[in-house]
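Peer 1: This is run.pdb, which holds PDB, C-alpha atoms and all ligand atoms:
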```pdb
ATOM      1  CA  MET A   1      14.928   2.331   5.899
ATOM      2  CA  ARG A   2      12.529   2.422   2.919
ATOM      3  CA  ILE A   3       9.782  -0.171   2.890
ATOM      4  CA  VAL A   4       6.839  -0.885   0.596
ATOM      5  CA  PHE A   5       3.660  -2.540   1.854
ATOM      6  CA  LEU A   6       1.967  -4.555  -0.862
ATOM      7  CA  GLY A   7      -1.253  -6.566  -0.747
ATOM      8  CA  PRO A   8      -4.871  -6.843  -1.888
ATOM      9  CA  PRO A   9      -7.644  -4.500  -0.684
ATOM     10  CA  GLY A  10      -8.348  -5.137   2.983
ATOM     11  CA  ALA A  11      -5.207  -7.230   3.537
ATOM     12  CA  GLY A  12      -4.278  -4.977   6.441
ATOM     13  CA  LYS A  13      -1.700  -2.715   4.819
ATOM     14  CA  GLY A  14      -2.993   0.314   6.719
ATOM     15  CA  THR A  15      -3.399  -1.644   9.953
ATOM     16  CA  GLN A  16       0.109  -3.133   9.883
ATOM     17  CA  SER A  17       1.707   0.082   8.618
ATOM     18  CA  ALA A  18       0.434   1.944  11.680
ATOM     19  CA  LEU A  19       2.178  -0.600  13.923
ATOM     20  CA  LEU A  20       5.359  -0.697  11.877
ATOM     21  CA  VAL A  21       5.960   3.067  11.736
ATOM     22  CA  GLN A  22       5.751   3.144  15.541
ATOM     23  CA  ARG A  23       8.483   0.527  15.780
ATOM     24  CA  LEU A  24      10.735   1.997  13.075
ATOM     25  CA  ARG A  25       9.986   5.683  13.740
ATOM     26  CA  ILE A  26       9.651   6.558  10.061
ATOM     27  CA  PRO A  27       6.820   8.472   8.318
ATOM     28  CA  HIS A  28       3.792   6.590   7.003
ATOM     29  CA  LEU A  29       2.994   7.440   3.362
ATOM     30  CA  SER A  30      -0.431   6.019   2.498
ATOM     31  CA  THR A  31      -1.626   7.045  -0.968
ATOM     32  CA  GLY A  32      -5.157   5.922  -0.012
ATOM     33  CA  ASP A  33      -5.134   8.271   3.016
ATOM     34  CA  MET A  34      -3.651  11.114   0.956
ATOM     35  CA  LEU A  35      -6.362  10.743  -1.704
ATOM     36  CA  ARG A  36      -9.157  10.548   0.884
ATOM     37  CA  GLN A  37      -7.743  13.643   2.625
ATOM     38  CA  ALA A  38      -7.732  15.530  -0.683
ATOM     39  CA  LEU A  39     -11.397  14.598  -1.125
ATOM     40  CA  ILE A  40     -12.289  15.794   2.407
ATOM     41  CA  GLU A  41     -10.518  19.095   1.655
ATOM     42  CA  GLY A  42     -12.527  19.377  -1.575
ATOM     43  CA  THR A  43      -9.484  19.940  -3.805
ATOM     44  CA  ASP A  44      -9.702  19.346  -7.575
ATOM     45  CA  LEU A  45      -7.303  16.442  -7.153
ATOM     46  CA  GLY A  46      -9.560  14.906  -4.491
ATOM     47  CA  LYS A  47     -12.669  15.258  -6.650
ATOM     48  CA  ARG A  48     -10.863  13.705  -9.622
ATOM     49  CA  ALA A  49      -9.541  10.815  -7.507
ATOM     50  CA  ASP A  50     -12.996  10.111  -6.105
ATOM     51  CA  GLN A  51     -14.348   9.297  -9.573
ATOM     52  CA  PHE A  52     -11.925   6.374  -9.741
ATOM     53  CA  MET A  53     -11.963   5.246  -6.098
ATOM     54  CA  SER A  54     -15.755   5.086  -5.932
ATOM     55  CA  ARG A  55     -15.743   2.686  -8.922
ATOM     56  CA  GLY A  56     -13.009   0.463  -7.467
ATOM     57  CA  GLU A  57     -10.478   1.614 -10.065
ATOM     58  CA  LEU A  58      -6.977   2.900  -9.539
ATOM     59  CA  VAL A  59      -6.423   6.640  -9.584
ATOM     60  CA  PRO A  60      -4.217   7.627 -12.608
ATOM     61  CA  ASP A  61      -0.481   7.154 -12.035
ATOM     62  CA  SER A  62       0.255  10.836 -12.760
ATOM     63  CA  VAL A  63      -1.931  11.940  -9.820
ATOM     64  CA  VAL A  64      -0.478   9.446  -7.351
ATOM     65  CA  LEU A  65       3.122  10.014  -8.448
ATOM     66  CA  GLY A  66       2.734  13.766  -7.964
ATOM     67  CA  LEU A  67       1.493  13.232  -4.416
ATOM     68  CA  ILE A  68       4.359  10.903  -3.541
ATOM     69  CA  ALA A  69       7.064  13.104  -5.108
ATOM     70  CA  ASP A  70       5.821  16.128  -3.109
ATOM     71  CA  ARG A  71       5.701  14.126   0.117
ATOM     72  CA  LEU A  72       9.206  12.707  -0.376
ATOM     73  CA  ASP A  73      10.577  16.255  -0.488
ATOM     74  CA  ALA A  74       9.592  16.789   3.156
ATOM     75  CA  PRO A  75      12.545  16.659   5.598
ATOM     76  CA  ASP A  76      11.032  13.854   7.701
ATOM     77  CA  CYS A  77      11.450  11.443   4.752
ATOM     78  CA  GLU A  78      15.219  11.894   4.622
ATOM     79  CA  THR A  79      16.002   8.944   6.877
ATOM     80  CA  GLY A  80      13.345   6.613   5.484
ATOM     81  CA  CYS A  81       9.618   6.011   5.080
ATOM     82  CA  LEU A  82       6.944   3.373   4.717
ATOM     83  CA  PHE A  83       4.976   3.312   1.449
ATOM     84  CA  ASP A  84       1.496   1.921   2.188
ATOM     85  CA  GLY A  85      -0.540   0.945  -0.868
ATOM     86  CA  PHE A  86       2.006   2.458  -3.232
ATOM     87  CA  PRO A  87       3.160   1.417  -5.798
ATOM     88  CA  ARG A  88       0.078  -0.334  -7.191
ATOM     89  CA  THR A  89       1.161  -0.695 -10.838
ATOM     90  CA  VAL A  90       4.410  -1.662 -12.533
ATOM     91  CA  GLN A  91       4.578   1.887 -13.957
ATOM     92  CA  GLN A  92       4.348   3.323 -10.424
ATOM     93  CA  ALA A  93       7.064   0.903  -9.248
ATOM     94  CA  GLU A  94       9.373   1.933 -12.090
ATOM     95  CA  ALA A  95       8.738   5.607 -11.368
ATOM     96  CA  LEU A  96       9.465   5.062  -7.666
ATOM     97  CA  ASP A  97      12.722   3.269  -8.519
ATOM     98  CA  GLN A  98      13.751   6.252 -10.642
ATOM     99  CA  VAL A  99      12.884   8.845  -7.987
ATOM    100  CA  LEU A 100      14.682   6.907  -5.251
ATOM    101  CA  SER A 101      17.740   6.116  -7.328
ATOM    102  CA  LYS A 102      18.120   9.820  -8.226
ATOM    103  CA  ARG A 103      18.166  10.503  -4.489
ATOM    104  CA  GLY A 104      20.594   7.632  -3.868
ATOM    105  CA  THR A 105      18.119   6.042  -1.451
ATOM    106  CA  PRO A 106      16.867   2.740  -2.930
ATOM    107  CA  LEU A 107      14.167   0.529  -1.422
ATOM    108  CA  ASP A 108      15.293  -1.889   1.297
ATOM    109  CA  LEU A 109      12.317  -4.229   1.571
ATOM    110  CA  VAL A 110       8.869  -5.039   0.168
ATOM    111  CA  LEU A 111       6.452  -6.654   2.611
ATOM    112  CA  ALA A 112       3.747  -8.516   0.683
ATOM    113  CA  LEU A 113       0.627  -9.508   2.599
ATOM    114  CA  ASP A 114      -1.474 -12.363   1.286
ATOM    115  CA  VAL A 115      -4.996 -13.140   2.529
ATOM    116  CA  ASP A 116      -7.734 -15.413   1.217
ATOM    117  CA  GLU A 117     -10.318 -13.488  -0.871
ATOM    118  CA  THR A 118     -13.326 -14.598   1.232
ATOM    119  CA  GLU A 119     -11.638 -13.260   4.375
ATOM    120  CA  LEU A 120     -10.786 -10.002   2.572
ATOM    121  CA  TYR A 121     -14.393  -9.566   1.497
ATOM    122  CA  ASP A 122     -15.661 -10.075   5.079
ATOM    123  CA  ARG A 123     -13.145  -7.558   6.489
ATOM    124  CA  LEU A 124     -14.077  -4.886   3.941
ATOM    125  CA  ILE A 125     -17.831  -5.358   4.368
ATOM    126  CA  GLN A 126     -17.371  -4.980   8.134
ATOM    127  CA  ARG A 127     -15.215  -1.867   7.727
ATOM    128  CA  GLY A 128     -17.949  -0.292   5.575
ATOM    129  CA  ARG A 129     -16.010   2.619   4.063
ATOM    130  CA  LEU A 130     -17.715   4.346   1.068
ATOM    131  CA  ASP A 131     -15.706   2.185  -1.369
ATOM    132  CA  ASP A 132     -16.488  -1.001   0.603
ATOM    133  CA  ARG A 133     -19.778  -1.764  -1.202
ATOM    134  CA  PRO A 134     -20.058  -5.323  -2.635
ATOM    135  CA  GLU A 135     -19.903  -4.353  -6.322
ATOM    136  CA  VAL A 136     -16.986  -1.949  -5.727
ATOM    137  CA  ILE A 137     -15.083  -4.553  -3.681
ATOM    138  CA  GLN A 138     -15.355  -7.077  -6.547
ATOM    139  CA  GLU A 139     -14.032  -4.450  -8.954
ATOM    140  CA  ARG A 140     -11.129  -3.650  -6.606
ATOM    141  CA  PHE A 141     -10.209  -7.342  -6.457
ATOM    142  CA  LYS A 142     -10.177  -7.510 -10.276
ATOM    143  CA  THR A 143      -8.089  -4.333 -10.471
ATOM    144  CA  TYR A 144      -5.669  -5.779  -7.919
ATOM    145  CA  VAL A 145      -5.143  -9.043  -9.818
ATOM    146  CA  ALA A 146      -4.667  -7.284 -13.161
ATOM    147  CA  GLN A 147      -2.551  -4.315 -12.106
ATOM    148  CA  THR A 148      -0.968  -4.812  -8.682
ATOM    149  CA  ARG A 149      -0.334  -8.556  -8.385
ATOM    150  CA  PRO A 150       2.425  -8.397 -11.102
ATOM    151  CA  LEU A 151       4.457  -6.386  -8.584
ATOM    152  CA  PHE A 152       5.124  -9.575  -6.597
ATOM    153  CA  GLU A 153       7.234 -10.813  -9.523
ATOM    154  CA  TYR A 154       8.727  -7.355 -10.110
ATOM    155  CA  TYR A 155      10.070  -7.175  -6.555
ATOM    156  CA  ALA A 156      10.936 -10.886  -6.315
ATOM    157  CA  ASP A 157      13.204 -10.385  -9.352
ATOM    158  CA  ARG A 158      14.911  -7.563  -7.448
ATOM    159  CA  LYS A 159      15.326  -9.765  -4.327
ATOM    160  CA  LEU A 160      13.273  -7.352  -2.235
ATOM    161  CA  LEU A 161      10.077  -9.374  -1.700
ATOM    162  CA  ALA A 162       9.167 -10.763   1.720
ATOM    163  CA  PRO A 163       5.808 -12.613   1.534
ATOM    164  CA  ILE A 164       3.716 -12.626   4.719
ATOM    165  CA  ASP A 165       0.680 -14.686   5.628
ATOM    166  CA  GLY A 166      -1.900 -11.982   6.475
ATOM    167  CA  ALA A 167      -4.405 -14.380   8.112
ATOM    168  CA  GLY A 168      -4.995 -14.202  11.863
ATOM    169  CA  THR A 169      -5.279 -11.284  14.257
ATOM    170  CA  PRO A 170      -3.417  -8.008  13.593
ATOM    171  CA  ASP A 171      -1.030  -8.892  16.456
ATOM    172  CA  GLU A 172      -0.269 -12.301  14.978
ATOM    173  CA  VAL A 173       0.443 -10.769  11.573
ATOM    174  CA  PHE A 174       2.643  -8.077  13.116
ATOM    175  CA  LYS A 175       4.735 -10.738  14.909
ATOM    176  CA  ARG A 176       5.463 -12.299  11.492
ATOM    177  CA  ILE A 177       6.596  -8.901  10.210
ATOM    178  CA  GLU A 178       8.801  -8.340  13.250
ATOM    179  CA  ALA A 179      10.389 -11.758  12.691
ATOM    180  CA  ILE A 180      11.333 -10.714   9.134
ATOM    181  CA  LEU A 181      12.867  -7.457  10.384
ATOM    182  CA  ASP A 182      14.739  -9.269  13.164
ATOM    183  CA  ARG A 183      16.179 -11.790  10.683
ATOM    184  CA  ARG A 184      17.361  -8.929   8.442
ATOM    185  CA  ALA A 185      19.037  -7.203  11.375
ATOM    186  CA  GLU A 186      21.057 -10.333  12.357
TER     187      GLU A 186
HETATM  188  P1  LIG A 201      -6.243   1.920   0.395
HETATM  189  O1  LIG A 201      -6.512   3.104   1.232
HETATM  190  O2  LIG A 201      -4.810   1.545   0.203
HETATM  191  O3  LIG A 201      -7.081   0.759   1.080
HETATM  192  P2  LIG A 201      -7.233  -0.821   1.048
HETATM  193  O4  LIG A 201      -6.275  -1.454   0.077
HETATM  194  O5  LIG A 201      -8.683  -1.067   0.824
HETATM  195  O6  LIG A 201      -7.013  -1.312   2.516
HETATM  196  P3  LIG A 201      -5.825  -1.880   3.463
HETATM  197  O7  LIG A 201      -5.098  -3.046   2.916
HETATM  198  O8  LIG A 201      -4.999  -0.697   3.907
HETATM  199  O9  LIG A 201      -6.690  -2.462   4.644
HETATM  200  P4  LIG A 201      -6.861  -2.072   6.166
HETATM  201  O10 LIG A 201      -5.604  -2.173   6.951
HETATM  202  O11 LIG A 201      -7.590  -0.752   6.230
HETATM  203  O12 LIG A 201      -6.869   2.138  -1.091
HETATM  204  C1  LIG A 201      -8.154   2.663  -1.345
HETATM  205  C2  LIG A 201      -8.291   3.119  -2.805
HETATM  206  O13 LIG A 201      -7.425   4.249  -3.050
HETATM  207  C3  LIG A 201      -7.910   2.128  -3.900
HETATM  208  O14 LIG A 201      -8.959   1.230  -4.210
HETATM  209  C4  LIG A 201      -7.560   3.067  -5.084
HETATM  210  O15 LIG A 201      -8.711   3.494  -5.772
HETATM  211  C5  LIG A 201      -6.938   4.267  -4.404
HETATM  212  N1  LIG A 201      -5.454   4.190  -4.347
HETATM  213  C6  LIG A 201      -4.684   4.079  -3.226
HETATM  214  N2  LIG A 201      -3.387   4.019  -3.532
HETATM  215  C7  LIG A 201      -3.313   4.094  -4.895
HETATM  216  C8  LIG A 201      -2.230   4.044  -5.831
HETATM  217  N3  LIG A 201      -0.948   3.917  -5.433
HETATM  218  N4  LIG A 201      -2.519   4.137  -7.143
HETATM  219  C9  LIG A 201      -3.772   4.266  -7.576
HETATM  220  N5  LIG A 201      -4.844   4.293  -6.760
HETATM  221  C10 LIG A 201      -4.628   4.213  -5.417
HETATM  222  O16 LIG A 201      -7.822  -3.225   6.657
HETATM  223  C11 LIG A 201      -9.141  -3.398   6.147
HETATM  224  C12 LIG A 201     -10.087  -3.784   7.269
HETATM  225  O17 LIG A 201      -9.709  -5.040   7.812
HETATM  226  C13 LIG A 201     -10.089  -2.792   8.442
HETATM  227  O18 LIG A 201     -11.407  -2.639   8.889
HETATM  228  C14 LIG A 201      -9.214  -3.462   9.482
HETATM  229  O19 LIG A 201      -9.587  -3.110  10.800
HETATM  230  C15 LIG A 201      -9.479  -4.942   9.224
HETATM  231  N6  LIG A 201      -8.317  -5.782   9.516
HETATM  232  C16 LIG A 201      -7.026  -5.500   9.202
HETATM  233  N7  LIG A 201      -6.212  -6.504   9.593
HETATM  234  C17 LIG A 201      -7.049  -7.478  10.122
HETATM  235  C18 LIG A 201      -6.819  -8.780  10.678
HETATM  236  N8  LIG A 201      -5.587  -9.288  10.770
HETATM  237  N9  LIG A 201      -7.900  -9.478  11.082
HETATM  238  C19 LIG A 201      -9.143  -8.968  10.990
HETATM  239  N10 LIG A 201      -9.416  -7.742  10.494
HETATM  240  C20 LIG A 201      -8.379  -7.009  10.057
END
```
Could you quickly redo this structure as structure tokens?
Ligand code: B4P
Peer 2:
Amino acid sequence: MRIVFLGPPGAGKGTQSALLVQRLRIPHLSTGDMLRQALIEGTDLGKRADQFMSRGELVPDSVVLGLIADRLDAPDCETGCLFDGFPRTVQQAEALDQVLSKRGTPLDLVLALDVDETELYDRLIQRGRLDDRPEVIQERFKTYVAQTRPLFEYYADRKLLAPIDGAGTPDEVFKRIEAILDRRAE
């Protein structure tokens, strides 16, 4: 099964993805984690990505698409995977469609988390990662609305979108996701 997790910064994509990959036993492909790992390792790619992440901007599509294409070549992705925080632009979504259709393995589902912006802000401030400073959070929200939010329509048009209320505890949100999966399996 191939699933995309979509949602604003701090909506819980990473949190819910960790639960979902345990249930589905598929690899977890988080572009945010991959970029942060590249920075920790001090690679050129990591240093380049950091310039964008630290300002609340998206890392260029070419960088992110290269990471995803390499990861999809690994044998553990043959039976499926969970894309967490990718795609984040319509261009990334189109590129992903192309890569997957070449492999004959299209997307099955797009889970779209929605959470009130005040709640998102509180969660991110509490998390306190380097890119969770007030001015960077506001920039990430703006970037999300301009570049990622259009993906809701993109995937709704393709009948793949499953909207989820992301308010409440992580367990409550995960139960809503499980209900969607159970309905699909019926
Ligand atoms: P990401 O790593 O994807 O991070 P995020 O959107 O900020 O967080 P997420 O939604 O995963 O929230 P989480 O579960 O951690 O992106 C970081 C940056 O990387 C981007 O800004 C961008 O620059 C770059 N990037 C990544 N992918 C890219 C792409 N495809 N293209 C270009 N650039 C890209 O939850 C947040 C906090 O809330 C946590 O502390 C968590 O414990 C808490 N929480 C979660 N669920 C909760 C709940 N239900 N109730 C209360 N708290 C909750």
Peer 1: Could you write out as a PyMOL selection string the residues that the PyMOL selection byres (((chain A and resi 96) around 10) and not hetatm) matches in the shown file?
Peer 2: chain A and resi 65+68-69+86-87+90-95+97-102+106-107
Peer 1: So what do you get for CA of Ile3 in chain A versus CA of Leu111 in chain A, distance-wise?
Peer 2: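 Interatomic distance, CA of Ile3 in chain A to CA of Leu111 in chain A: 7.3 Å.
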Peer 1: For range 147-153 of chain A, please output as a list in words all residues within 10 Å (counting only C-alpha atoms; exclusion window: fewer than 3 positions along the same chain).
Peer 2: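 What passes the distance filter is Leu6, Gly7, Pro8, Leu58, Gly85, Phe86, Pro87, Arg88, Thr89, Val90, Gln91, Gln92, Ala93, Val110, Leu111, Ala112, Phe141, Lys142, Thr143, Tyr144, Ala156, Asp157, Arg158, Lys159, Leu160, Leu161, Ala162 and Pro163 of chain A.
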Peer 1: Expressed in Å to a single decimal, how great is the separation between CA of Gln16 in chain A and CA of Phe174 in chain A?
Peer 2: 6.4 Å
Peer 1: The centre and edge lengths of an axis-aligned box containing all atoms of ligand LIG 201 (chain A) present in the file, extended by 3 Å on each side, are to be given in Å to one decimal, as lines of an AutoDock Vina configuration file.
Peer 2:
```
center_x = -6.2
center_y = -2.6
center_z = 1.8
size_x = 16.5
size_y = 19.8
size_z = 24.7
```
Peer 1: Output the neighbourhood of ligand LIG 201 (chain A) as a PyMOL selection string, that is, all protein and nucleic acid residues with some atom at most 8 Å from the ligand, counting all atoms listed in the file.
Peer 2: chain A and resi 7-17+30-33+35-36+49-50+52-61+64-65+84-89+92+120+123-124+126-128+131-132+140+166-173
Peer 1: Quick check, in Å to one decimal: how far apart do CA of Ala185 in chain A and CA of Leu24 in chain A lie?
Peer 2: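 A separation of 12.5 Å between them.
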Peer 1: Near His28 in chain A, within 8 Å and counting all atoms listed in the file, which residues show up once chain neighbours fewer than 5 positions away are dropped, as a count of residues only?
Peer 2: 7
